[in-house]
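One structure is given here, and the rest of the page talks about it.
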Amino acid sequence: MEIRFEQTKTPKAKPTDETKLGFGHIFTDHMFAMNYDAGQGWHDARIIPYGEISLSPAAMCLHYGQEIFEGLKAYRTADGTVQLFRPDENYKRMNTSAERMVIPQIDEEFMVEATKKLVEIEKDWVPHTDGASLYIRPFIFATDPFVGVKPADHYLFLIILSPSGPYYSTGLDPVKIYVEQKYVRAVRGGTGFAKTAANYAISLKGQDEAHEQDYEQVLWLDGVEQKYIEEVGSMNIFFVIDGEVITPELTGSVLPGITRKSALEVCKSKGIKATERRITIQEVADAYDAGKLDEVFGTGTAAVISPVGHLKWGDKVMTINDNKIGPISQMLYDTMTGIQWGKIEDTFGWTVKI
Ligand code: COI
């Protein structure tokens, strides 16, 4: 499929202070768009000026939430080139999410090419500052004007770009996490593994209550017994217990994170024992009491590698590694960001040059 290009006539001023970008506030001059109509498939791929879209008030996405999205980044390397990190994995996961949400499949290779083309056009928006990158947000939603519950016949696929700094305002300083015991994020047979808006909407209440107690994020437990650890919502979670790296296995209610998968591969390449298995919050608390909970950290495209300094489970507050980043978290942060920003050799073949 050809990608039509319509250049903006009103380019915006680029941010001057890249240390104050924050996350997800600023959007570039252009966006990718493509339509799907039943009987015709995906068509009319185009890169057009970034701007408002017109949507029927009856658009199905607004009523029943038939939407999926992805998150990846473009990084500027020291020699000025721009690269993506495992974009094929994002579009593969997007098709898994699409299947669950009854959204039509996309051509993964075409979408990698379309993303490269959009980033190429917007390459001057890729930040030059250490730790900042161009966040890429592909998403698909149902547009049929109809208020009955059924899979839609018409969809819009957009990609918007946002020059961004760290996801957490604390940067690489450890985050405070609250173990949620009242609400749940996902249940067996639900949509936990899919990157769909509803999973994030459902997390807001818990997050809001955690904020009231001065905790930044919520750690979700399984939806049946609230015993097994799942994920944080904005990131997957890892524990280092007695030198072993452990992350909850993908049982269907946990997002299959690309940074999660990469972190496991990096650990294994360095000879660090890294295990995917079910782990209870009780096991974590027991390890803490025994002085064996060495490190806790989250992984995500937006979150990168985020050390966790405090974990609150009921009345128990665990302070991890003296509220400092631990050696495995630091190694993973250095390796992942080193590969992403082209500072160390990508022996895994994960980066894709624009
Ligand atoms: C990402 O890490 O890209 C995500 O989509 C998580 C989101 C909460 C920012």
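Chain lettering (A, B, ...) mirrors the order of the structure tokens, residue numbering begins at 1 for each chain separately, and ligand numbering begins at 1 in order of display.
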Which neighbours of Ala210 in chain A fall inside 9 Å, counting only C-alpha atoms, when residues of the same chain fewer than 4 positions from it are skipped, and could you give them as a PDB file with C-alpha atoms, in the first residue's frame?
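Here's the written file part10.pdb:
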```
ATOM      1  CA  ILE A 177       4.244   1.221  45.007  1.00  0.00           C
ATOM      2  CA  TYR A 178       1.024   0.305  46.778  1.00  0.00           C
ATOM      3  CA  VAL A 179      -0.140  -3.326  46.679  1.00  0.00           C
ATOM      4  CA  GLU A 180      -3.828  -3.194  45.757  1.00  0.00           C
ATOM      5  CA  LYS A 205      -9.605   4.122  40.941  1.00  0.00           C
ATOM      6  CA  GLY A 206      -6.872   2.106  42.652  1.00  0.00           C
ATOM      7  CA  ASP A 214       1.407   9.264  48.596  1.00  0.00           C
ATOM      8  CA  TYR A 215       2.124   6.137  46.514  1.00  0.00           C
ATOM      9  CA  GLU A 216       2.795   6.595  42.798  1.00  0.00           C
ATOM     10  CA  GLN A 217       1.578   3.323  41.339  1.00  0.00           C
ATOM     11  CA  VAL A 218      -0.449   0.243  42.173  1.00  0.00           C
TER      12      VAL A 218
END
```
Enumerate, in order of chain and increasing residue number, the residues of chain A with an atom no farther than 8 Å from ligand 1, each with its shortest atom pair and distance in Å to one decimal, counting only C-alpha atoms and all ligand atoms, as JSON lines.
```
{"residue": "A:Phe69", "atom": "CA", "partner": "ligand 1", "partner_atom_place_in_ligand_line": "5 (O)", "distance": 7.5}
{"residue": "A:Glu70", "atom": "CA", "partner": "ligand 1", "partner_atom_place_in_ligand_line": "5 (O)", "distance": 5.9}
{"residue": "A:Gly71", "atom": "CA", "partner": "ligand 1", "partner_atom_place_in_ligand_line": "3 (O)", "distance": 3.6}
{"residue": "A:Leu72", "atom": "CA", "partner": "ligand 1", "partner_atom_place_in_ligand_line": "3 (O)", "distance": 5.7}
{"residue": "A:Tyr135", "atom": "CA", "partner": "ligand 1", "partner_atom_place_in_ligand_line": "3 (O)", "distance": 7.8}
{"residue": "A:Arg137", "atom": "CA", "partner": "ligand 1", "partner_atom_place_in_ligand_line": "3 (O)", "distance": 7.7}
{"residue": "A:Tyr167", "atom": "CA", "partner": "ligand 1", "partner_atom_place_in_ligand_line": "9 (C)", "distance": 7.2}
{"residue": "A:Lys195", "atom": "CA", "partner": "ligand 1", "partner_atom_place_in_ligand_line": "5 (O)", "distance": 7.7}
{"residue": "A:Tyr200", "atom": "CA", "partner": "ligand 1", "partner_atom_place_in_ligand_line": "8 (C)", "distance": 7.6}
{"residue": "A:Gly233", "atom": "CA", "partner": "ligand 1", "partner_atom_place_in_ligand_line": "8 (C)", "distance": 6.5}
{"residue": "A:Ser234", "atom": "CA", "partner": "ligand 1", "partner_atom_place_in_ligand_line": "8 (C)", "distance": 3.9}
{"residue": "A:Met235", "atom": "CA", "partner": "ligand 1", "partner_atom_place_in_ligand_line": "2 (O)", "distance": 6.4}
{"residue": "A:Gly300", "atom": "CA", "partner": "ligand 1", "partner_atom_place_in_ligand_line": "2 (O)", "distance": 4.5}
{"residue": "A:Thr301", "atom": "CA", "partner": "ligand 1", "partner_atom_place_in_ligand_line": "2 (O)", "distance": 3.8}
{"residue": "A:Ala302", "atom": "CA", "partner": "ligand 1", "partner_atom_place_in_ligand_line": "2 (O)", "distance": 3.7}
{"residue": "A:Ala303", "atom": "CA", "partner": "ligand 1", "partner_atom_place_in_ligand_line": "2 (O)", "distance": 5.8}
{"residue": "A:Val304", "atom": "CA", "partner": "ligand 1", "partner_atom_place_in_ligand_line": "2 (O)", "distance": 7.7}
```
Keeping all heavy atoms, export the residues of the selection given above as a short mmCIF file (atom, residue, chain, number, x, y, z; two decimals), in the first residue's frame.
```cif
data_model
loop_
_atom_site.label_atom_id
_atom_site.label_comp_id
_atom_site.auth_asym_id
_atom_site.auth_seq_id
_atom_site.Cartn_x
_atom_site.Cartn_y
_atom_site.Cartn_z
N PHE A 69 -3.99 -0.24 21.63
CA PHE A 69 -2.89 0.70 21.37
C PHE A 69 -1.55 0.03 21.62
O PHE A 69 -1.46 -1.09 22.11
CB PHE A 69 -3.06 1.97 22.21
CG PHE A 69 -2.83 1.82 23.69
CD1 PHE A 69 -1.60 2.08 24.24
CD2 PHE A 69 -3.86 1.44 24.54
CE1 PHE A 69 -1.38 1.96 25.61
CE2 PHE A 69 -3.65 1.33 25.91
CZ PHE A 69 -2.42 1.59 26.44
N GLU A 70 -0.51 0.73 21.26
CA GLU A 70 0.87 0.29 21.47
C GLU A 70 1.70 1.47 21.95
O GLU A 70 1.26 2.62 21.91
CB GLU A 70 1.47 -0.27 20.17
CG GLU A 70 1.20 -1.75 19.95
CD GLU A 70 1.72 -2.61 21.11
OE1 GLU A 70 2.80 -2.31 21.66
OE2 GLU A 70 1.03 -3.57 21.48
N GLY A 71 2.92 1.18 22.40
CA GLY A 71 3.83 2.25 22.81
C GLY A 71 5.24 1.81 22.46
O GLY A 71 5.66 0.71 22.84
N LEU A 72 5.95 2.62 21.70
CA LEU A 72 7.37 2.35 21.41
C LEU A 72 8.08 3.70 21.30
O LEU A 72 7.43 4.73 21.45
CB LEU A 72 7.54 1.49 20.17
CG LEU A 72 7.13 1.98 18.78
CD1 LEU A 72 7.89 1.21 17.71
CD2 LEU A 72 5.64 1.76 18.53
N TYR A 135 8.28 9.36 21.88
CA TYR A 135 7.34 8.28 22.19
C TYR A 135 6.36 8.14 21.02
O TYR A 135 5.83 9.13 20.50
CB TYR A 135 6.58 8.61 23.48
CG TYR A 135 5.72 7.46 23.96
CD1 TYR A 135 6.29 6.33 24.51
CD2 TYR A 135 4.33 7.51 23.83
CE1 TYR A 135 5.51 5.26 24.94
CE2 TYR A 135 3.55 6.45 24.26
CZ TYR A 135 4.15 5.33 24.80
OH TYR A 135 3.37 4.28 25.22
N ARG A 137 2.93 6.39 19.61
CA ARG A 137 1.68 5.78 20.10
C ARG A 137 0.76 5.39 18.91
O ARG A 137 0.02 6.21 18.39
CB ARG A 137 0.98 6.79 21.02
CG ARG A 137 -0.45 6.45 21.45
CD ARG A 137 -0.62 5.08 22.04
NE ARG A 137 0.15 4.80 23.24
CZ ARG A 137 -0.23 5.09 24.49
NH1 ARG A 137 -1.37 5.70 24.71
NH2 ARG A 137 0.53 4.75 25.52
N TYR A 167 8.88 8.69 32.23
CA TYR A 167 7.46 8.54 32.53
C TYR A 167 7.15 8.99 33.95
O TYR A 167 6.16 9.66 34.20
CB TYR A 167 7.06 7.07 32.34
CG TYR A 167 5.58 6.83 32.50
CD1 TYR A 167 4.68 7.34 31.57
CD2 TYR A 167 5.09 6.14 33.59
CE1 TYR A 167 3.31 7.14 31.71
CE2 TYR A 167 3.72 5.94 33.75
CZ TYR A 167 2.84 6.44 32.81
OH TYR A 167 1.50 6.25 32.97
N LYS A 195 -3.39 -4.91 25.01
CA LYS A 195 -3.14 -3.50 25.29
C LYS A 195 -4.39 -2.75 24.82
O LYS A 195 -4.48 -2.32 23.66
CB LYS A 195 -1.87 -3.04 24.57
CG LYS A 195 -1.10 -2.06 25.44
CD LYS A 195 0.35 -2.01 25.11
CE LYS A 195 1.01 -0.81 25.76
NZ LYS A 195 0.88 -0.72 27.21
N TYR A 200 -6.69 0.13 31.37
CA TYR A 200 -6.10 1.31 32.01
C TYR A 200 -7.19 2.10 32.74
O TYR A 200 -6.98 2.59 33.84
CB TYR A 200 -5.34 2.15 30.97
CG TYR A 200 -4.19 1.33 30.41
CD1 TYR A 200 -4.40 0.35 29.44
CD2 TYR A 200 -2.91 1.45 30.94
CE1 TYR A 200 -3.36 -0.47 28.99
CE2 TYR A 200 -1.87 0.65 30.49
CZ TYR A 200 -2.10 -0.31 29.52
OH TYR A 200 -1.08 -1.11 29.10
N GLY A 233 0.63 -2.16 35.70
CA GLY A 233 -0.29 -1.42 34.82
C GLY A 233 0.50 -0.58 33.85
O GLY A 233 0.34 -0.69 32.64
N SER A 234 1.40 0.26 34.37
CA SER A 234 2.28 1.03 33.48
C SER A 234 3.60 0.30 33.28
O SER A 234 4.45 0.75 32.52
CB SER A 234 2.53 2.41 34.08
OG SER A 234 2.98 2.26 35.41
N MET A 235 3.78 -0.83 33.95
CA MET A 235 5.02 -1.61 33.78
C MET A 235 4.86 -3.03 34.34
O MET A 235 4.01 -3.27 35.19
CB MET A 235 6.21 -0.90 34.43
CG MET A 235 6.05 -0.56 35.89
SD MET A 235 7.43 0.46 36.48
CE MET A 235 7.20 0.34 38.25
N GLY A 300 9.18 -1.29 31.32
CA GLY A 300 8.15 -0.86 30.37
C GLY A 300 8.78 0.05 29.34
O GLY A 300 9.88 0.57 29.57
N THR A 301 8.10 0.26 28.22
CA THR A 301 8.64 1.17 27.21
C THR A 301 8.73 2.57 27.81
O THR A 301 9.77 3.23 27.74
CB THR A 301 7.75 1.17 25.96
OG1 THR A 301 7.79 -0.14 25.42
CG2 THR A 301 8.23 2.17 24.93
N ALA A 302 7.62 3.00 28.41
CA ALA A 302 7.62 4.34 29.00
C ALA A 302 8.46 4.35 30.28
O ALA A 302 9.25 5.26 30.51
CB ALA A 302 6.18 4.77 29.30
N ALA A 303 8.31 3.32 31.09
CA ALA A 303 8.97 3.29 32.40
C ALA A 303 10.45 2.89 32.32
O ALA A 303 11.19 3.08 33.28
CB ALA A 303 8.24 2.33 33.32
N VAL A 304 10.90 2.33 31.20
CA VAL A 304 12.26 1.81 30.98
C VAL A 304 12.55 0.77 32.08
O VAL A 304 11.88 -0.25 32.14
CB VAL A 304 13.34 2.92 30.94
CG1 VAL A 304 14.64 2.40 30.34
CG2 VAL A 304 12.86 4.13 30.13
#
```
Inset, instruction - Write out as number ranges by chain each polymer residue whose atoms come within 8 Å of range 79-90 of chain A, counting only C-alpha atoms; drop sequence neighbours fewer than 6 positions from it. - result: A: 70-73, 108-109, 112, 123, 126, 258, 340-341, 350-354
Could you please take those selected residues and save N, CA, C and O atoms as a PDB file, in the first residue's frame?
```
ATOM      1  N   GLU A  70      -0.506   0.734  21.260  1.00  0.00           N
ATOM      2  CA  GLU A  70       0.873   0.289  21.468  1.00  0.00           C
ATOM      3  C   GLU A  70       1.702   1.466  21.952  1.00  0.00           C
ATOM      4  O   GLU A  70       1.256   2.617  21.911  1.00  0.00           O
ATOM      5  N   GLY A  71       2.919   1.185  22.405  1.00  0.00           N
ATOM      6  CA  GLY A  71       3.833   2.245  22.806  1.00  0.00           C
ATOM      7  C   GLY A  71       5.244   1.809  22.461  1.00  0.00           C
ATOM      8  O   GLY A  71       5.661   0.705  22.836  1.00  0.00           O
ATOM      9  N   LEU A  72       5.950   2.622  21.695  1.00  0.00           N
ATOM     10  CA  LEU A  72       7.368   2.352  21.412  1.00  0.00           C
ATOM     11  C   LEU A  72       8.076   3.699  21.304  1.00  0.00           C
ATOM     12  O   LEU A  72       7.429   4.734  21.449  1.00  0.00           O
ATOM     13  N   LYS A  73       9.379   3.668  21.105  1.00  0.00           N
ATOM     14  CA  LYS A  73      10.115   4.928  21.107  1.00  0.00           C
ATOM     15  C   LYS A  73      11.124   5.001  19.969  1.00  0.00           C
ATOM     16  O   LYS A  73      11.645   3.960  19.547  1.00  0.00           O
ATOM     17  N   GLU A 108       1.857  -6.449   9.833  1.00  0.00           N
ATOM     18  CA  GLU A 108       2.896  -6.017  10.779  1.00  0.00           C
ATOM     19  C   GLU A 108       4.080  -5.365  10.064  1.00  0.00           C
ATOM     20  O   GLU A 108       4.587  -4.323  10.491  1.00  0.00           O
ATOM     21  N   GLU A 109       4.515  -5.981   8.962  1.00  0.00           N
ATOM     22  CA  GLU A 109       5.683  -5.430   8.248  1.00  0.00           C
ATOM     23  C   GLU A 109       5.374  -4.057   7.673  1.00  0.00           C
ATOM     24  O   GLU A 109       6.198  -3.135   7.728  1.00  0.00           O
ATOM     25  N   VAL A 112       5.550  -1.488  10.428  1.00  0.00           N
ATOM     26  CA  VAL A 112       6.925  -1.110  10.805  1.00  0.00           C
ATOM     27  C   VAL A 112       7.431  -0.075   9.787  1.00  0.00           C
ATOM     28  O   VAL A 112       8.005   0.965  10.158  1.00  0.00           O
ATOM     29  N   LYS A 123      11.885  13.469  12.109  1.00  0.00           N
ATOM     30  CA  LYS A 123      13.137  13.162  12.832  1.00  0.00           C
ATOM     31  C   LYS A 123      13.707  14.343  13.621  1.00  0.00           C
ATOM     32  O   LYS A 123      14.371  14.149  14.632  1.00  0.00           O
ATOM     33  N   VAL A 126      12.943  14.283  17.300  1.00  0.00           N
ATOM     34  CA  VAL A 126      13.522  13.290  18.225  1.00  0.00           C
ATOM     35  C   VAL A 126      14.505  14.036  19.136  1.00  0.00           C
ATOM     36  O   VAL A 126      15.467  14.643  18.653  1.00  0.00           O
ATOM     37  N   ILE A 258       7.490  -5.845  26.164  1.00  0.00           N
ATOM     38  CA  ILE A 258       8.663  -6.035  25.291  1.00  0.00           C
ATOM     39  C   ILE A 258       9.938  -5.724  26.090  1.00  0.00           C
ATOM     40  O   ILE A 258      10.954  -6.403  25.939  1.00  0.00           O
ATOM     41  N   GLN A 340      19.481   1.138  23.324  1.00  0.00           N
ATOM     42  CA  GLN A 340      18.466   2.005  22.706  1.00  0.00           C
ATOM     43  C   GLN A 340      19.065   3.310  22.188  1.00  0.00           C
ATOM     44  O   GLN A 340      18.720   3.776  21.102  1.00  0.00           O
ATOM     45  N   TRP A 341      19.969   3.906  22.956  1.00  0.00           N
ATOM     46  CA  TRP A 341      20.577   5.169  22.538  1.00  0.00           C
ATOM     47  C   TRP A 341      21.894   4.948  21.766  1.00  0.00           C
ATOM     48  O   TRP A 341      22.644   5.885  21.545  1.00  0.00           O
ATOM     49  N   TRP A 350      18.308  -5.854  18.135  1.00  0.00           N
ATOM     50  CA  TRP A 350      16.989  -5.318  18.497  1.00  0.00           C
ATOM     51  C   TRP A 350      16.685  -3.961  17.845  1.00  0.00           C
ATOM     52  O   TRP A 350      15.526  -3.562  17.771  1.00  0.00           O
ATOM     53  N   THR A 351      17.724  -3.242  17.455  1.00  0.00           N
ATOM     54  CA  THR A 351      17.467  -1.870  16.988  1.00  0.00           C
ATOM     55  C   THR A 351      17.254  -1.825  15.479  1.00  0.00           C
ATOM     56  O   THR A 351      17.817  -2.627  14.734  1.00  0.00           O
ATOM     57  N   VAL A 352      16.436  -0.885  15.052  1.00  0.00           N
ATOM     58  CA  VAL A 352      16.105  -0.718  13.632  1.00  0.00           C
ATOM     59  C   VAL A 352      16.372   0.734  13.277  1.00  0.00           C
ATOM     60  O   VAL A 352      15.754   1.642  13.829  1.00  0.00           O
ATOM     61  N   LYS A 353      17.310   0.934  12.373  1.00  0.00           N
ATOM     62  CA  LYS A 353      17.688   2.307  11.982  1.00  0.00           C
ATOM     63  C   LYS A 353      16.605   2.924  11.102  1.00  0.00           C
ATOM     64  O   LYS A 353      15.999   2.249  10.288  1.00  0.00           O
ATOM     65  N   ILE A 354      16.411   4.205  11.279  1.00  0.00           N
ATOM     66  CA  ILE A 354      15.476   4.935  10.420  1.00  0.00           C
ATOM     67  C   ILE A 354      16.217   5.357   9.158  1.00  0.00           C
ATOM     68  O   ILE A 354      17.299   5.905   9.235  1.00  0.00           O
TER      69      ILE A 354
END
```
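Counting from CA of Arg185 in chain A, the distance to CA of Glu67 in chain A is 17.0 Å.
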Legend entry - Of the listed residues A:Tyr168, A:Tyr288, A:Trp220, A:Phe193, that which approaches Thr96 in chain A most closely, counting only C-alpha atoms: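 The answer is A:Phe193, which sits nearest to Thr96 in chain A.
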Counting only C-alpha atoms, which residues of range 60-169 of chain A fall within 9 Å of range 30-46 of chain A, and what is the closest atom pair for each with its distance in Å at one decimal, ordered by chain and rising number, as a tab-separated table?
```
residue	atom	partner	partner_atom	distance
A:Pro104	CA	A:Tyr36	CA	8.1
A:Ile106	CA	A:Trp42	CA	7.8
A:Ala114	CA	A:Phe32	CA	7.7
A:Thr115	CA	A:Phe32	CA	8.0
A:Leu118	CA	A:Phe32	CA	6.7
A:Ile121	CA	A:His30	CA	8.1
A:Glu122	CA	A:His30	CA	7.3
A:Pro138	CA	A:Phe32	CA	8.6
A:Ala152	CA	A:Ala38	CA	8.7
A:Asp153	CA	A:Ala38	CA	5.1
A:His154	CA	A:Asp37	CA	4.7
A:Tyr155	CA	A:Tyr36	CA	5.0
A:Leu156	CA	A:Asn35	CA	4.8
A:Phe157	CA	A:Met34	CA	5.1
A:Leu158	CA	A:Ala33	CA	4.5
A:Ile159	CA	A:Phe32	CA	4.9
A:Ile160	CA	A:Met31	CA	5.1
A:Leu161	CA	A:Met31	CA	7.2
```
Now that the selection is made, can you save its residues with all heavy atoms as a short mmCIF file (atom, residue, chain, number, x, y, z; two decimals), in the first residue's frame?
```
data_model
loop_
_atom_site.label_atom_id
_atom_site.label_comp_id
_atom_site.auth_asym_id
_atom_site.auth_seq_id
_atom_site.Cartn_x
_atom_site.Cartn_y
_atom_site.Cartn_z
N PRO A 104 -9.86 -5.91 13.25
CA PRO A 104 -9.18 -6.59 12.13
C PRO A 104 -7.66 -6.58 12.26
O PRO A 104 -7.08 -5.62 12.78
CB PRO A 104 -9.63 -5.82 10.89
CG PRO A 104 -10.38 -4.64 11.39
CD PRO A 104 -10.76 -4.84 12.81
N ILE A 106 -3.70 -6.37 11.30
CA ILE A 106 -2.93 -5.41 10.51
C ILE A 106 -1.74 -6.14 9.88
O ILE A 106 -1.35 -7.21 10.35
CB ILE A 106 -2.42 -4.25 11.39
CG1 ILE A 106 -1.73 -4.81 12.65
CG2 ILE A 106 -3.54 -3.31 11.78
CD1 ILE A 106 -0.73 -3.92 13.27
N ALA A 114 5.62 1.92 7.89
CA ALA A 114 4.86 3.18 8.05
C ALA A 114 5.40 3.98 9.24
O ALA A 114 5.53 5.21 9.17
CB ALA A 114 3.38 2.86 8.25
N THR A 115 5.76 3.27 10.31
CA THR A 115 6.29 3.94 11.50
C THR A 115 7.64 4.59 11.17
O THR A 115 7.92 5.73 11.57
CB THR A 115 6.44 2.92 12.66
OG1 THR A 115 5.18 2.27 12.83
CG2 THR A 115 6.87 3.58 13.95
N LEU A 118 7.02 7.72 9.14
CA LEU A 118 6.52 8.84 9.94
C LEU A 118 7.66 9.44 10.79
O LEU A 118 7.83 10.66 10.85
CB LEU A 118 5.38 8.35 10.85
CG LEU A 118 4.79 9.38 11.81
CD1 LEU A 118 4.13 10.53 11.05
CD2 LEU A 118 3.76 8.74 12.74
N ILE A 121 10.03 11.51 8.71
CA ILE A 121 9.49 12.84 8.43
C ILE A 121 9.63 13.75 9.66
O ILE A 121 9.91 14.93 9.54
CB ILE A 121 8.01 12.72 7.96
CG1 ILE A 121 7.97 12.13 6.55
CG2 ILE A 121 7.27 14.05 8.02
CD1 ILE A 121 6.61 11.69 6.07
N GLU A 122 9.47 13.16 10.83
CA GLU A 122 9.49 13.94 12.08
C GLU A 122 10.82 13.86 12.82
O GLU A 122 10.88 14.16 14.02
CB GLU A 122 8.36 13.44 13.00
CG GLU A 122 6.96 13.55 12.41
CD GLU A 122 6.47 14.97 12.27
OE1 GLU A 122 7.07 15.71 11.45
OE2 GLU A 122 5.52 15.34 12.96
N PRO A 138 0.84 4.14 18.46
CA PRO A 138 -0.11 3.64 17.47
C PRO A 138 -1.40 3.20 18.18
O PRO A 138 -1.33 2.61 19.25
CB PRO A 138 0.60 2.41 16.88
CG PRO A 138 1.99 2.40 17.47
CD PRO A 138 1.91 3.17 18.74
N ALA A 152 -17.30 -3.64 15.49
CA ALA A 152 -17.55 -2.60 14.48
C ALA A 152 -17.17 -3.07 13.08
O ALA A 152 -16.47 -4.07 12.90
CB ALA A 152 -16.75 -1.36 14.86
N ASP A 153 -17.62 -2.33 12.08
CA ASP A 153 -17.25 -2.58 10.68
C ASP A 153 -16.26 -1.53 10.17
O ASP A 153 -15.75 -1.65 9.07
CB ASP A 153 -18.51 -2.52 9.79
CG ASP A 153 -19.41 -3.73 10.03
OD1 ASP A 153 -18.88 -4.82 10.27
OD2 ASP A 153 -20.65 -3.56 9.98
N HIS A 154 -16.06 -0.48 10.96
CA HIS A 154 -15.21 0.63 10.50
C HIS A 154 -14.25 1.03 11.63
O HIS A 154 -14.68 1.16 12.79
CB HIS A 154 -16.07 1.83 10.12
CG HIS A 154 -17.13 1.50 9.11
ND1 HIS A 154 -16.87 1.41 7.77
CD2 HIS A 154 -18.42 1.16 9.29
CE1 HIS A 154 -17.99 1.04 7.14
NE2 HIS A 154 -18.94 0.89 8.04
N TYR A 155 -12.99 1.20 11.25
CA TYR A 155 -11.97 1.54 12.26
C TYR A 155 -11.04 2.61 11.72
O TYR A 155 -10.83 2.73 10.50
CB TYR A 155 -11.11 0.30 12.59
CG TYR A 155 -11.91 -0.81 13.21
CD1 TYR A 155 -12.55 -1.76 12.41
CD2 TYR A 155 -12.03 -0.92 14.59
CE1 TYR A 155 -13.29 -2.78 12.97
CE2 TYR A 155 -12.77 -1.94 15.16
CZ TYR A 155 -13.40 -2.87 14.34
OH TYR A 155 -14.14 -3.87 14.90
N LEU A 156 -10.43 3.34 12.63
CA LEU A 156 -9.38 4.29 12.28
C LEU A 156 -8.11 3.88 13.02
O LEU A 156 -8.16 3.55 14.20
CB LEU A 156 -9.82 5.71 12.69
CG LEU A 156 -8.89 6.86 12.28
CD1 LEU A 156 -8.71 6.94 10.76
CD2 LEU A 156 -9.44 8.20 12.79
N PHE A 157 -7.00 3.85 12.29
CA PHE A 157 -5.68 3.56 12.86
C PHE A 157 -4.89 4.85 12.81
O PHE A 157 -4.70 5.42 11.75
CB PHE A 157 -5.01 2.47 12.01
CG PHE A 157 -3.73 1.89 12.60
CD1 PHE A 157 -3.39 0.58 12.32
CD2 PHE A 157 -2.88 2.63 13.39
CE1 PHE A 157 -2.21 0.02 12.83
CE2 PHE A 157 -1.73 2.09 13.93
CZ PHE A 157 -1.39 0.79 13.64
N LEU A 158 -4.44 5.32 13.96
CA LEU A 158 -3.62 6.54 14.00
C LEU A 158 -2.29 6.24 14.69
O LEU A 158 -2.22 5.35 15.55
CB LEU A 158 -4.32 7.65 14.80
CG LEU A 158 -5.66 8.19 14.28
CD1 LEU A 158 -6.20 9.25 15.24
CD2 LEU A 158 -5.54 8.78 12.89
N ILE A 159 -1.27 6.97 14.31
CA ILE A 159 0.00 6.98 15.08
C ILE A 159 0.33 8.43 15.36
O ILE A 159 0.44 9.24 14.43
CB ILE A 159 1.18 6.34 14.33
CG1 ILE A 159 0.85 4.93 13.82
CG2 ILE A 159 2.42 6.30 15.23
CD1 ILE A 159 1.98 4.30 12.99
N ILE A 160 0.46 8.74 16.65
CA ILE A 160 0.88 10.09 17.03
C ILE A 160 2.24 9.99 17.73
O ILE A 160 2.60 8.92 18.23
CB ILE A 160 -0.17 10.80 17.92
CG1 ILE A 160 -0.49 9.97 19.17
CG2 ILE A 160 -1.45 11.09 17.13
CD1 ILE A 160 -1.40 10.68 20.16
N LEU A 161 2.98 11.09 17.71
CA LEU A 161 4.34 11.09 18.25
C LEU A 161 4.49 12.18 19.31
O LEU A 161 3.99 13.29 19.12
CB LEU A 161 5.35 11.37 17.13
CG LEU A 161 5.29 10.48 15.87
CD1 LEU A 161 6.30 10.98 14.84
CD2 LEU A 161 5.58 9.03 16.22
#
```
Inset, instruction - Once DSSP has gone over the backbone, tell me which residues of range 120-231 of chain A are in strand (DSSP E), as a list in words. - result: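 Selecting the strand (DSSP E) positions of range 120-231 of chain A gives Ser133, Leu134, Tyr135, Ile136, Arg137, Pro138, Phe139, Ile140, Phe141, Ala142, His154, Tyr155, Leu156, Phe157, Leu158, Ile159, Ile160, Leu161, Ser162, Pro163, Ser164, Val175, Lys176, Ile177, Tyr178, Val179, Gln217, Val218 and Leu219 of chain A.
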Inset, instruction - Name all residues at most 10 Å from range 320-327 of chain A (count only C-alpha atoms; drop same-chain ones fewer than 4 positions away) and give them as an NGL selection string. - result: :A and (172-176 or 240 or 288 or 291 or 293-297 or 306-311 or 331-333)
Inset, instruction - Can you work out which one of A:Thr196, A:Leu62, A:Asp29, A:Lys273 has the shortest atom-to-atom distance to Phe139 in chain A, counting only C-alpha atoms? - result: A:Thr196
Inset, instruction - Mind giving me the straight-line distance from CA of Val119 in chain A to CA of Ala78 in chain A in Å, one decimal? - result: 17.5 Å
Legend entry - Picked from range 32-90 of chain A by DSSP as alpha helix (DSSP H), as a list in words: Met60, Cys61, Leu62, His63, Tyr64, Pro87, Asp88, Glu89 and Asn90 of chain A
Inset, instruction - Would you list the contacts of Ala263 in chain A as a PyMOL selection string, taking every protein, DNA or RNA residue within 12 Å and counting only C-alpha atoms, but skipping same-chain residues closer than 5 positions in sequence? - result: chain A and resi 236-238+245-247+257-258+268-270+272-276+297-301+304-305+328-337+339+348
